[in-house]
Amino acid sequence: MKTSALLVNHHPYGHFRRAGRSLLPVSEVDFHLVTRNRAFGGVDGLAADAIPYVTVCAARDEQQWRIACEWSLDMFPITRVVAVHERSVLPAAELRSRFGLPGMDVETALRFRDKVAMKQAVHSAGAARVPAFAELNSVEDLAKVDWRTGRKVIKSRTGLAAQDVHMVDTYEQAARLCGTLDLGGAGYEIEEFVDGRIHHCDSVVENGEIRFASVGRYIADPAGYSPGGVFGTVLVLEGELRERILRLNARVLAALGLTEGTTHLEVFHTARDELVFCEVAGRPPGGIIPPVLEWQYGFSIVEAAVRLQCGLDYSLGRAADPADAVFGFVAFYPGGEGTCGIAPLRHASLGIVEHLSHPTAGDRDGAVRHSVDFRDSYVVGAPDHATLVHRIDRIQDEYRG
């Protein structure tokens, strides 16, 4: 008998198709899809997978989503709930907890979604140094942090894709900013600004064991997105820093109580060679990281996440050999000046193995909406780390003409 699963989806549906094939095990699972409306790409390409049960909801109507998901679980013999988008993690966990289904429960999901609860758990377990932080529910809470230590960061406790992140240098600047924010409902936190290069660690966890983990380094600050800007990552396949990040990742996931799922952790590496925890999400990495991991390791981490949550076997590909090749990506935000693009004839000489175009990037006013709102993305390969960095620099030079 086939497994029956509820997929709570906030991605464009194309997120689940790769190189002409589906990342969803539609031949093994009867999916009940609750997804966002056509204006946000929630059903684009859906016909190719012949999902038998589909409910379309307004993207921001949480009550509509809740009713649709609960109705599906009440009416059908669904045994699994699947979520691979940040907005879906907590609702999916609430459904599992309410209906007694396996997978990440609501208590664990809260520690992955609420940045205050997350840092409290990591700090209490001694898993990593965390930035000094405090809840920000009123202007009076600004006094809870030490302003003598310099710049602070004010951000949403449940934000994603580096949205709603604000840098402030003084108490007075922070107070003015608070006057423009809705601080009710435990929505914000304030924390120490950490100056360092940001690395990420992406994992697959089953039965409390990390089955796969990969380390990468961002080439820019995710919170620094702007029109005409650049973002990207290069994978780190060897070295002492990589091993330290892997150990920190393991301690953090244990502190948060994860027994099953995929994760995306970010950590600062400071000029003093200190690792400082930033945050971690209980879902696969977003943006162009999954294609990069697929080129490097030979499997889709999104597909592995879906299959794991459905209770199915999954592939972890192959071990990466630093002597073979290393991959990364460089992506360009909409806006900026000059001719944009890399001619296909130039791809091979620049090490470009895949180009992903996103023509709907940006908003009508020319602004960048979030940290993965790319116009063009290029997956790049090279025989070694230094060559990869050099190729990414050349691509940046050529992209703007």
# chains A, B, ... in the order shown; residues from 1 in each chain; ligands from 1
>>> select_by_dssp(residues="range 8-215 of chain A", states="helix (DSSP H, G or I)", output="number ranges by chain")
A: 13-16, 38-40, 46-49, 62-75, 86-99, 106-113, 115-124, 139-144, 147-149, 171-178
>>> residues_around(residues="Glu135 in chain A", least_positions_apart="4", cutoff="9 Å", atoms="only C-alpha atoms", output="ChimeraX atom specification")
/A:116,141-142,144,157,186-191
>>> closest_residue(among="A:Asp384, A:Glu260, A:Asp114, A:Glu206", to="Val234 in chain A", atoms="only C-alpha atoms")
A:Asp384
>>> residues_around(residues="range 11-14 of chain A", least_positions_apart="3", cutoff="12 Å", atoms="only C-alpha atoms", output="PyMOL selection string")
chain A and resi 7-8+17-24+33-49+51+54+56+59+83-88+286-287+302+358+360
>>> write_last_selection(atoms="N, CA and C atoms", output="CSV table (one decimal), in the first residue's frame")
chain,number,residue,atom,x,y,z
A,7,LEU,N,1.9,17.4,1.7
A,7,LEU,CA,3.0,18.3,1.4
A,7,LEU,C,2.5,19.8,1.5
A,8,VAL,N,3.1,20.4,2.5
A,8,VAL,CA,2.7,21.8,2.8
A,8,VAL,C,3.8,22.7,2.1
A,17,ARG,N,11.2,20.1,-9.3
A,17,ARG,CA,11.6,19.5,-10.6
A,17,ARG,C,13.0,19.8,-10.9
A,18,ARG,N,13.8,18.8,-11.4
A,18,ARG,CA,15.2,19.1,-11.6
A,18,ARG,C,15.6,18.3,-12.8
A,19,ALA,N,16.1,19.0,-13.8
A,19,ALA,CA,16.6,18.3,-15.1
A,19,ALA,C,15.6,17.5,-15.7
A,20,GLY,N,14.3,17.9,-15.7
A,20,GLY,CA,13.2,17.2,-16.3
A,20,GLY,C,12.6,16.1,-15.5
A,21,ARG,N,13.1,15.9,-14.3
A,21,ARG,CA,12.5,14.8,-13.5
A,21,ARG,C,12.0,15.4,-12.2
A,22,SER,N,11.1,14.7,-11.5
A,22,SER,CA,10.5,15.1,-10.3
A,22,SER,C,11.3,14.7,-9.1
A,23,LEU,N,11.5,15.6,-8.1
A,23,LEU,CA,12.1,15.3,-6.9
A,23,LEU,C,11.1,14.7,-5.9
A,24,LEU,N,9.9,14.6,-6.2
A,24,LEU,CA,8.8,14.0,-5.4
A,24,LEU,C,8.6,12.6,-5.8
A,33,LEU,N,-1.4,17.9,-1.8
A,33,LEU,CA,-0.6,19.1,-1.9
A,33,LEU,C,-1.4,20.3,-1.5
A,34,VAL,N,-0.9,21.1,-0.5
A,34,VAL,CA,-1.5,22.4,-0.2
A,34,VAL,C,-0.4,23.4,-0.5
A,35,THR,N,-0.7,24.3,-1.5
A,35,THR,CA,0.3,25.1,-2.1
A,35,THR,C,-0.2,26.5,-2.3
A,36,ARG,N,0.7,27.4,-2.6
A,36,ARG,CA,0.3,28.8,-2.8
A,36,ARG,C,-0.2,29.1,-4.2
A,37,ASN,N,-0.8,30.2,-4.4
A,37,ASN,CA,-1.6,30.4,-5.6
A,37,ASN,C,-0.8,30.6,-6.8
A,38,ARG,N,-1.4,30.7,-8.0
A,38,ARG,CA,-0.7,30.7,-9.3
A,38,ARG,C,0.1,31.9,-9.4
A,39,ALA,N,-0.3,33.0,-8.8
A,39,ALA,CA,0.5,34.3,-8.9
A,39,ALA,C,1.9,34.1,-8.4
A,40,PHE,N,2.1,33.2,-7.4
A,40,PHE,CA,3.4,32.9,-6.8
A,40,PHE,C,4.0,31.6,-7.3
A,41,GLY,N,3.5,31.0,-8.4
A,41,GLY,CA,4.1,29.9,-9.0
A,41,GLY,C,3.8,28.6,-8.3
A,42,GLY,N,2.8,28.5,-7.4
A,42,GLY,CA,2.6,27.4,-6.6
A,42,GLY,C,2.1,26.1,-7.4
A,43,VAL,N,1.6,26.3,-8.6
A,43,VAL,CA,1.1,25.2,-9.4
A,43,VAL,C,1.8,25.1,-10.7
A,44,ASP,N,2.8,25.9,-11.0
A,44,ASP,CA,3.5,25.9,-12.3
A,44,ASP,C,4.2,24.6,-12.5
A,45,GLY,N,3.8,23.8,-13.5
A,45,GLY,CA,4.5,22.6,-13.8
A,45,GLY,C,3.9,21.4,-13.1
A,46,LEU,N,2.8,21.7,-12.3
A,46,LEU,CA,2.2,20.6,-11.5
A,46,LEU,C,1.7,19.4,-12.3
A,47,ALA,N,1.2,19.7,-13.5
A,47,ALA,CA,0.5,18.6,-14.3
A,47,ALA,C,1.5,17.5,-14.6
A,48,ALA,N,2.8,17.8,-14.7
A,48,ALA,CA,3.8,16.8,-15.1
A,48,ALA,C,3.9,15.7,-14.0
A,49,ASP,N,3.5,16.0,-12.8
A,49,ASP,CA,3.6,15.0,-11.7
A,49,ASP,C,2.3,14.3,-11.4
A,51,ILE,N,-0.2,15.0,-9.4
A,51,ILE,CA,-0.6,15.0,-8.0
A,51,ILE,C,-2.1,14.8,-7.9
A,54,VAL,N,-5.0,18.5,-4.8
A,54,VAL,CA,-4.3,19.8,-4.7
A,54,VAL,C,-5.3,20.8,-4.2
A,56,VAL,N,-5.2,25.0,-3.4
A,56,VAL,CA,-4.5,26.2,-3.6
A,56,VAL,C,-4.9,27.3,-2.6
A,59,ALA,N,-1.2,33.2,-0.6
A,59,ALA,CA,0.1,33.0,0.0
A,59,ALA,C,0.2,33.4,1.4
A,83,ALA,N,7.5,19.1,4.8
A,83,ALA,CA,7.7,20.5,4.6
A,83,ALA,C,9.2,20.8,4.3
A,84,VAL,N,9.5,21.5,3.3
A,84,VAL,CA,10.9,21.9,2.9
A,84,VAL,C,11.1,23.4,2.8
A,85,HIS,N,10.1,24.2,3.1
A,85,HIS,CA,10.2,25.6,3.1
A,85,HIS,C,10.2,26.2,4.5
A,86,GLU,N,10.9,27.2,4.8
A,86,GLU,CA,10.9,27.8,6.2
A,86,GLU,C,9.6,28.1,6.7
A,87,ARG,N,8.7,28.6,5.9
A,87,ARG,CA,7.4,29.0,6.3
A,87,ARG,C,6.5,27.8,6.7
A,88,SER,N,6.9,26.6,6.2
A,88,SER,CA,6.1,25.4,6.4
A,88,SER,C,6.6,24.6,7.6
A,286,GLY,N,18.4,26.7,0.9
A,286,GLY,CA,17.6,27.3,-0.1
A,286,GLY,C,18.5,27.9,-1.3
A,287,GLY,N,17.8,28.6,-2.1
A,287,GLY,CA,18.6,29.2,-3.2
A,287,GLY,C,19.3,28.2,-4.1
A,302,VAL,N,17.1,18.3,-1.5
A,302,VAL,CA,15.7,18.5,-1.4
A,302,VAL,C,15.0,17.2,-1.5
A,358,HIS,N,16.1,33.6,-13.6
A,358,HIS,CA,15.0,33.9,-12.7
A,358,HIS,C,14.4,35.2,-13.2
A,360,THR,N,11.6,36.7,-13.1
A,360,THR,CA,10.6,37.4,-12.2
A,360,THR,C,11.3,38.0,-11.0
>>> residues_around(residues="Gly232 in chain A", least_positions_apart="5", cutoff="12 Å", atoms="only C-alpha atoms", output="PyMOL selection string")
chain A and resi 198-200+216-222+225+286-289+292+327-333+371-372+374+376-380+388-389+392-393+395-396
>>> decode(residues="range 158-259 of chain A", atoms="C-alpha atoms", output="compact mmCIF listing (two decimals), in the first residue's frame")
# COMPACT_ATOMS: atom_id res chain seq x y z
CA THR A 158 11.04 34.05 12.78
CA GLY A 159 12.36 35.86 9.70
CA LEU A 160 13.78 34.13 6.63
CA ALA A 161 16.01 34.91 3.64
CA ALA A 162 17.64 37.76 5.62
CA GLN A 163 14.42 39.81 5.46
CA ASP A 164 13.56 42.34 8.17
CA VAL A 165 17.17 42.67 9.38
CA HIS A 166 18.33 46.10 10.59
CA MET A 167 21.79 47.32 11.67
CA VAL A 168 21.93 50.06 14.30
CA ASP A 169 24.97 51.76 15.84
CA THR A 170 23.48 53.67 18.79
CA TYR A 171 20.68 53.40 21.32
CA GLU A 172 19.06 56.50 19.80
CA GLN A 173 19.12 55.02 16.29
CA ALA A 174 17.62 51.79 17.63
CA ALA A 175 14.88 53.68 19.46
CA ARG A 176 13.90 55.52 16.27
CA LEU A 177 13.79 52.25 14.36
CA CYS A 178 11.61 50.65 17.04
CA GLY A 179 9.10 53.41 16.47
CA THR A 180 8.57 52.05 12.95
CA LEU A 181 8.25 48.36 13.97
CA ASP A 182 5.38 46.43 15.46
CA LEU A 183 7.11 45.03 18.55
CA GLY A 184 4.02 43.29 19.89
CA GLY A 185 3.62 39.55 19.82
CA ALA A 186 7.25 38.59 20.58
CA GLY A 187 8.25 39.32 16.99
CA TYR A 188 11.77 40.77 17.31
CA GLU A 189 15.13 40.30 18.96
CA ILE A 190 18.26 42.44 19.33
CA GLU A 191 21.73 40.97 19.31
CA GLU A 192 25.42 41.78 19.16
CA PHE A 193 26.83 42.44 15.69
CA VAL A 194 29.50 39.88 14.86
CA ASP A 195 32.13 40.85 12.29
CA GLY A 196 33.18 37.70 10.46
CA ARG A 197 32.98 35.61 7.32
CA ILE A 198 29.78 33.60 7.23
CA HIS A 199 29.97 29.86 6.59
CA HIS A 200 27.10 27.43 6.24
CA CYS A 201 26.77 23.75 7.10
CA ASP A 202 24.03 21.67 5.48
CA SER A 203 23.04 18.32 7.00
CA VAL A 204 20.83 15.26 6.74
CA VAL A 205 19.91 13.70 10.11
CA GLU A 206 18.20 10.35 10.72
CA ASN A 207 17.59 8.64 14.07
CA GLY A 208 19.65 11.33 15.77
CA GLU A 209 22.72 10.62 13.58
CA ILE A 210 24.18 13.09 11.09
CA ARG A 211 24.27 11.04 7.90
CA PHE A 212 25.61 13.84 5.69
CA ALA A 213 27.13 17.27 6.26
CA SER A 214 28.68 19.80 3.88
CA VAL A 215 30.47 23.08 4.63
CA GLY A 216 30.51 26.15 2.42
CA ARG A 217 31.60 29.80 2.67
CA TYR A 218 29.44 32.66 1.43
CA ILE A 219 31.19 35.15 -0.85
CA ALA A 220 29.02 37.98 0.51
CA ASP A 221 26.87 38.77 3.55
CA PRO A 222 23.33 37.34 3.02
CA ALA A 223 21.87 40.42 4.73
CA GLY A 224 23.65 42.77 2.32
CA TYR A 225 21.48 42.08 -0.73
CA SER A 226 20.73 45.11 -2.92
CA PRO A 227 19.96 45.96 -6.57
CA GLY A 228 22.93 45.07 -8.74
CA GLY A 229 24.57 43.10 -5.94
CA VAL A 230 26.23 39.70 -5.95
CA PHE A 231 25.93 36.61 -3.77
CA GLY A 232 27.26 33.08 -3.81
CA THR A 233 29.06 30.32 -2.00
CA VAL A 234 32.09 28.08 -2.41
CA LEU A 235 32.16 24.62 -0.86
CA VAL A 236 34.95 23.84 1.60
CA LEU A 237 36.03 20.22 1.23
CA GLU A 238 39.00 19.99 3.59
CA GLY A 239 40.91 21.75 6.32
CA GLU A 240 40.88 22.32 10.07
CA LEU A 241 38.26 25.08 9.92
CA ARG A 242 35.87 22.74 8.11
CA GLU A 243 36.30 20.10 10.81
CA ARG A 244 35.63 22.66 13.54
CA ILE A 245 32.43 23.78 11.80
CA LEU A 246 31.29 20.17 11.44
CA ARG A 247 31.81 19.59 15.18
CA LEU A 248 29.97 22.81 16.07
CA ASN A 249 27.11 21.80 13.78
CA ALA A 250 26.82 18.44 15.54
CA ARG A 251 26.73 20.06 18.98
CA VAL A 252 24.08 22.59 17.90
CA LEU A 253 21.78 20.00 16.35
CA ALA A 254 22.06 17.87 19.48
CA ALA A 255 21.30 20.90 21.68
CA LEU A 256 18.16 21.61 19.65
CA GLY A 257 17.02 18.01 19.96
CA LEU A 258 16.84 17.14 16.26
CA THR A 259 16.39 13.44 15.58
